[in-house]
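Asks: Got a file for you: target_7.cif, mmCIF, C-alpha atoms.
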data_final
loop_
_atom_site.label_atom_id
_atom_site.label_comp_id
_atom_site.auth_asym_id
_atom_site.auth_seq_id
_atom_site.Cartn_x
_atom_site.Cartn_y
_atom_site.Cartn_z
CA MET A 269 8.65 19.92 -12.15
CA ALA A 270 4.91 20.21 -12.43
CA ASN A 271 3.40 21.92 -15.39
CA GLY A 272 -0.01 23.24 -16.14
CA GLY A 273 -1.68 25.72 -13.80
CA GLY A 274 1.48 27.30 -12.42
CA VAL A 275 4.09 26.33 -9.91
CA THR A 276 2.86 24.15 -7.08
CA MET A 277 4.31 24.09 -3.58
CA LEU A 278 5.88 20.69 -4.24
CA SER A 279 7.47 21.75 -7.52
CA ALA A 280 8.86 24.89 -5.85
CA ASP A 281 10.29 22.78 -3.02
CA LEU A 282 11.89 20.33 -5.47
CA LYS A 283 13.72 23.16 -7.25
CA MET A 284 15.75 23.68 -4.06
CA PHE A 285 17.51 20.34 -4.61
CA THR A 286 20.66 21.00 -6.65
CA GLY A 287 22.74 18.11 -5.40
CA THR A 288 22.47 15.36 -2.86
CA GLU A 289 24.15 14.67 0.45
CA GLN A 290 23.41 10.97 0.38
CA TRP A 291 22.00 8.20 -1.73
CA PHE A 292 19.26 5.89 -0.54
CA ARG A 293 19.20 2.22 -1.56
CA HIS A 294 15.79 0.84 -2.47
CA PRO A 295 14.96 -2.31 -0.47
CA LEU A 296 13.52 -4.13 -3.53
CA SER A 297 16.59 -3.67 -5.74
CA SER A 298 20.17 -3.40 -4.56
CA ASN A 299 21.03 -1.74 -7.91
CA PHE A 300 18.57 1.11 -7.43
CA LEU A 301 19.67 4.24 -5.59
CA TYR A 302 17.93 7.59 -5.26
CA THR A 303 18.80 11.06 -4.05
CA ASP A 304 17.59 13.43 -1.34
CA GLY A 305 15.33 15.21 -3.84
CA VAL A 306 13.69 11.99 -5.02
CA LYS A 307 13.18 10.94 -1.38
CA PHE A 308 11.52 14.31 -0.72
CA PHE A 309 9.24 13.78 -3.73
CA ALA A 310 8.28 10.28 -2.57
CA GLU A 311 7.47 11.57 0.92
CA HIS A 312 5.50 14.68 -0.11
CA CYS A 313 3.73 13.91 -3.40
CA GLY A 314 0.09 13.31 -2.54
CA GLY A 315 -0.21 10.83 0.32
CA GLY A 316 3.27 9.56 -0.54
CA ALA A 317 4.70 8.23 -3.78
CA TYR A 318 6.99 5.43 -2.66
CA TRP A 319 4.86 3.23 -4.95
CA PHE A 320 6.47 5.12 -7.86
CA LEU A 321 9.95 4.20 -6.62
CA ASP A 322 8.82 0.57 -6.13
CA ILE A 323 7.74 0.38 -9.78
CA LEU A 324 11.00 1.86 -11.02
CA ALA A 325 13.09 -0.39 -8.77
CA THR A 326 11.33 -3.57 -9.86
CA GLU A 327 10.55 -2.80 -13.50
CA LEU A 328 13.24 -0.37 -14.70
CA ALA A 329 16.39 -0.94 -12.66
CA ASP A 330 17.46 -3.86 -14.86
CA LEU A 331 17.30 -1.62 -17.97
CA GLN A 332 20.34 0.26 -16.63
CA GLU A 333 22.45 -2.69 -17.82
CA THR A 334 21.74 -1.69 -21.42
CA GLU A 335 20.65 1.96 -21.09
CA ASP A 336 23.18 4.27 -19.44
CA PHE A 337 20.70 7.13 -19.23
CA MET A 338 16.92 7.30 -19.00
CA SER A 339 14.58 10.24 -18.76
CA ILE A 340 11.55 9.26 -16.71
CA THR A 341 8.24 11.11 -16.59
CA LEU A 342 5.37 10.62 -14.19
CA ASP A 343 2.39 12.36 -15.78
CA VAL A 344 -0.53 12.69 -13.35
CA VAL A 345 -3.96 13.75 -14.61
CA ASP A 346 -6.87 13.76 -12.19
CA SER A 347 -6.51 10.47 -10.31
CA SER A 348 -4.58 8.45 -12.88
CA ALA A 349 -1.00 8.52 -14.07
CA LYS A 350 1.38 7.30 -16.72
CA ILE A 351 5.04 6.47 -16.27
CA THR A 352 7.21 6.81 -19.37
CA ALA A 353 10.93 6.17 -19.70
CA ASP A 354 12.93 7.13 -22.77
CA ASP A 355 16.58 7.22 -23.70
CA GLY A 356 16.78 11.02 -23.48
CA ASN A 357 16.32 11.33 -27.24
CA GLY A 358 12.58 10.58 -27.26
CA ASN A 359 12.93 6.84 -27.98
CA VAL A 360 10.43 5.28 -25.57
CA LEU A 361 11.78 2.31 -23.63
CA TYR A 362 8.95 1.73 -21.15
CA THR A 363 5.41 2.87 -20.34
CA LYS A 364 3.01 1.94 -17.58
CA ASN A 365 -0.48 3.26 -16.86
CA ILE A 366 -1.57 3.71 -13.26
CA ASP A 367 -5.34 3.51 -12.84
CA PHE A 368 -5.49 5.36 -9.52
CA THR A 369 -3.16 7.64 -7.61
CA ASP A 370 -3.41 10.48 -5.14
CA ALA A 371 -0.15 11.93 -6.47
CA GLU A 372 -0.15 15.65 -7.12
CA LYS A 373 -1.34 16.60 -10.60
CA GLY A 374 1.42 17.55 -13.02
CA THR A 375 4.28 16.24 -15.08
CA TRP A 376 7.16 15.12 -12.86
CA LYS A 377 10.54 14.50 -14.47
CA PHE A 378 13.47 12.41 -13.28
CA PHE A 379 16.75 11.13 -14.67
CA PHE A 380 18.04 7.61 -14.10
CA THR A 381 21.75 7.14 -14.72
CA ASN A 382 24.51 5.06 -13.15
CA ASN A 383 21.79 3.24 -11.17
CA VAL A 384 20.78 6.51 -9.46
CA LEU A 385 17.37 8.17 -9.81
CA LEU A 386 17.62 11.94 -9.46
CA LEU A 387 15.76 15.14 -10.12
CA PRO A 388 16.86 17.10 -13.20
CA SER A 389 18.06 19.88 -10.87
CA GLU A 390 20.34 17.32 -9.15
CA TYR A 391 21.92 16.15 -12.42
#
Show the structure stored in the file as structure tokens.
Replies:
Amino acid sequence: MANGGGVTMLSADLKMFTGTEQWFRHPLSSNFLYTDGVKFFAEHCGGGAYWFLDILATELADLQETEDFMSITLDVVDSSAKITADDGNGNVLYTKNIDFTDAEKGTWKFFFTNNVLLLPSEY
């Protein structure tokens, strides 16, 4: 999940998720579900990254009506981040810069399909 200076503890933990036992519904969007692995990420990335899920639920969930599949990247450098969503073929659909975050440094990848956000290893 994270790139750069080797495998981090969080990225190693996320690789253990190869499926999900349940889906979680986001309280801000009834059309936005996420998996056990995404929940683990939100709970353990930095001081918590539920803000990342909030952004996706409120700003990207509606795109599922026209985009069946999205590849989403959270790229964290120092204390800032950028969220990018593309159609899986490199055609960018959405970007958002985050001025400050305590999220763990790295490039974190997710897939969003059928209204479910999941880790690539859960796909």
Asks: Could you spell out the hits of the PyMOL selection byres ((chain A and resi 291) around 12) on the shown file, as a PyMOL selection string?
Replies: chain A and resi 287-290+292-294+299-307+383-386+390
Asks: Any chance you could work out the residue set of the PyMOL selection byres ((chain A and resi 352-367) around 9) here, as a PyMOL selection string?
Replies: chain A and resi 328+331+335-343+347-351+368-369+379
Asks: Counting only C-alpha atoms, which of A:Phe309, A:Thr375, A:Ser297, A:Asp370 gets nearest to Phe285 in chain A?
Replies: A:Phe309
Asks: What's the separation between CA of Gly316 in chain A and CA of Val345 in chain A, in Å to one decimal place?
Replies: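 Interatomic distance, CA of Gly316 in chain A to CA of Val345 in chain A: 16.4 Å.
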Asks: For each of A:Phe380, A:Ser279, A:Gly374, A:Tyr391, take the minimum atom-to-atom distance to Glu333 in chain A, counting all atoms listed in the file, then give the residue where this is smallest.
Replies: A:Phe380
Asks: Enter the distance from CA of Phe320 in chain A to CA of Phe308 in chain A, in Å, rounded to one decimal.
Replies: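 Computed distance, CA of Phe320 in chain A to CA of Phe308 in chain A, equals 12.7 Å.
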Asks: With only C-alpha atoms as the atoms that count, which of A:Leu296, A:Lys283, A:Val344, A:Ala310 lies nearest to Thr326 in chain A?
Replies: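 For Thr326 in chain A, the nearest of the given residues is A:Leu296.
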Asks: Would you compute the distance between CA of Leu321 in chain A and CA of Ser389 in chain A? Give it in Å to one decimal.
Replies: 18.2 Å
Asks: Report as a PyMOL selection string the residues that result from applying the PyMOL selection byres ((chain A and resi 372) around 6) to the structure here.
Replies: chain A and resi 313-314+371+373
Asks: Please, can range 332-343 of chain A be completed to all heavy atoms and returned as a JSON list (two decimals), in the frame of the given file?
Replies:
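Final output, saved to rebuild-v3.json:
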[["chain", "number", "residue", "atom", "x", "y", "z"],
["A", 332, "GLN", "N", 19.09, -0.49, -16.73],
["A", 332, "GLN", "CA", 20.34, 0.26, -16.63],
["A", 332, "GLN", "C", 21.52, -0.55, -17.17],
["A", 332, "GLN", "O", 22.54, 0.02, -17.52],
["A", 332, "GLN", "CB", 20.62, 0.65, -15.18],
["A", 332, "GLN", "CG", 19.86, 1.86, -14.72],
["A", 332, "GLN", "CD", 20.46, 3.16, -15.25],
["A", 332, "GLN", "OE1", 21.34, 3.73, -14.62],
["A", 332, "GLN", "NE2", 19.98, 3.64, -16.38],
["A", 333, "GLU", "N", 21.38, -1.86, -17.26],
["A", 333, "GLU", "CA", 22.45, -2.69, -17.82],
["A", 333, "GLU", "C", 22.68, -2.38, -19.29],
["A", 333, "GLU", "O", 23.79, -2.51, -19.79],
["A", 333, "GLU", "CB", 22.12, -4.17, -17.63],
["A", 333, "GLU", "CG", 22.14, -4.60, -16.17],
["A", 333, "GLU", "CD", 21.74, -6.06, -16.00],
["A", 333, "GLU", "OE1", 21.78, -6.83, -16.98],
["A", 333, "GLU", "OE2", 21.38, -6.42, -14.86],
["A", 334, "THR", "N", 21.61, -1.98, -19.99],
["A", 334, "THR", "CA", 21.74, -1.69, -21.42],
["A", 334, "THR", "C", 21.53, -0.21, -21.76],
["A", 334, "THR", "O", 21.93, 0.22, -22.83],
["A", 334, "THR", "CB", 20.74, -2.52, -22.24],
["A", 334, "THR", "OG1", 19.41, -2.25, -21.79],
["A", 334, "THR", "CG2", 21.04, -4.01, -22.12],
["A", 335, "GLU", "N", 20.91, 0.53, -20.87],
["A", 335, "GLU", "CA", 20.65, 1.96, -21.09],
["A", 335, "GLU", "C", 21.37, 2.77, -20.01],
["A", 335, "GLU", "O", 20.98, 2.74, -18.85],
["A", 335, "GLU", "CB", 19.14, 2.25, -21.02],
["A", 335, "GLU", "CG", 18.33, 1.61, -22.12],
["A", 335, "GLU", "CD", 18.67, 2.13, -23.50],
["A", 335, "GLU", "OE1", 19.06, 3.31, -23.64],
["A", 335, "GLU", "OE2", 18.54, 1.35, -24.45],
["A", 336, "ASP", "N", 22.41, 3.49, -20.40],
["A", 336, "ASP", "CA", 23.18, 4.27, -19.44],
["A", 336, "ASP", "C", 22.39, 5.44, -18.86],
["A", 336, "ASP", "O", 22.65, 5.87, -17.74],
["A", 336, "ASP", "CB", 24.44, 4.83, -20.09],
["A", 336, "ASP", "CG", 25.40, 3.74, -20.51],
["A", 336, "ASP", "OD1", 25.35, 2.64, -19.93],
["A", 336, "ASP", "OD2", 26.22, 3.99, -21.41],
["A", 337, "PHE", "N", 21.46, 5.96, -19.64],
["A", 337, "PHE", "CA", 20.70, 7.13, -19.23],
["A", 337, "PHE", "C", 19.25, 6.96, -19.62],
["A", 337, "PHE", "O", 18.95, 6.53, -20.74],
["A", 337, "PHE", "CB", 21.25, 8.39, -19.91],
["A", 337, "PHE", "CG", 20.48, 9.64, -19.58],
["A", 337, "PHE", "CD1", 20.82, 10.39, -18.48],
["A", 337, "PHE", "CD2", 19.41, 10.03, -20.37],
["A", 337, "PHE", "CE1", 20.10, 11.54, -18.17],
["A", 337, "PHE", "CE2", 18.69, 11.17, -20.07],
["A", 337, "PHE", "CZ", 19.04, 11.93, -18.96],
["A", 338, "MET", "N", 18.34, 7.28, -18.70],
["A", 338, "MET", "CA", 16.92, 7.30, -19.00],
["A", 338, "MET", "C", 16.30, 8.57, -18.44],
["A", 338, "MET", "O", 16.63, 9.00, -17.33],
["A", 338, "MET", "CB", 16.21, 6.09, -18.40],
["A", 338, "MET", "CG", 16.48, 4.79, -19.11],
["A", 338, "MET", "SD", 15.55, 3.41, -18.40],
["A", 338, "MET", "CE", 16.73, 2.83, -17.18],
["A", 339, "SER", "N", 15.41, 9.14, -19.21],
["A", 339, "SER", "CA", 14.58, 10.24, -18.76],
["A", 339, "SER", "C", 13.23, 9.65, -18.41],
["A", 339, "SER", "O", 12.61, 8.99, -19.25],
["A", 339, "SER", "CB", 14.45, 11.28, -19.88],
["A", 339, "SER", "OG", 13.58, 12.31, -19.47],
["A", 340, "ILE", "N", 12.78, 9.87, -17.18],
["A", 340, "ILE", "CA", 11.55, 9.26, -16.71],
["A", 340, "ILE", "C", 10.55, 10.35, -16.38],
["A", 340, "ILE", "O", 10.88, 11.35, -15.75],
["A", 340, "ILE", "CB", 11.80, 8.37, -15.48],
["A", 340, "ILE", "CG1", 12.76, 7.25, -15.86],
["A", 340, "ILE", "CG2", 10.50, 7.82, -14.91],
["A", 340, "ILE", "CD1", 13.24, 6.40, -14.72],
["A", 341, "THR", "N", 9.32, 10.15, -16.84],
["A", 341, "THR", "CA", 8.24, 11.11, -16.59],
["A", 341, "THR", "C", 7.09, 10.41, -15.90],
["A", 341, "THR", "O", 6.67, 9.33, -16.31],
["A", 341, "THR", "CB", 7.74, 11.71, -17.92],
["A", 341, "THR", "OG1", 8.84, 12.31, -18.60],
["A", 341, "THR", "CG2", 6.67, 12.74, -17.69],
["A", 342, "LEU", "N", 6.61, 11.04, -14.84],
["A", 342, "LEU", "CA", 5.37, 10.62, -14.19],
["A", 342, "LEU", "C", 4.35, 11.71, -14.50],
["A", 342, "LEU", "O", 4.47, 12.84, -14.01],
["A", 342, "LEU", "CB", 5.56, 10.47, -12.67],
["A", 342, "LEU", "CG", 4.29, 10.20, -11.86],
["A", 342, "LEU", "CD1", 3.69, 8.85, -12.23],
["A", 342, "LEU", "CD2", 4.60, 10.27, -10.36],
["A", 343, "ASP", "N", 3.39, 11.39, -15.35],
["A", 343, "ASP", "CA", 2.39, 12.36, -15.78],
["A", 343, "ASP", "C", 1.09, 12.03, -15.06],
["A", 343, "ASP", "O", 0.48, 10.98, -15.31],
["A", 343, "ASP", "CB", 2.22, 12.30, -17.29],
["A", 343, "ASP", "CG", 1.38, 13.43, -17.84],
["A", 343, "ASP", "OD1", 1.32, 14.50, -17.20],
["A", 343, "ASP", "OD2", 0.78, 13.25, -18.92]]
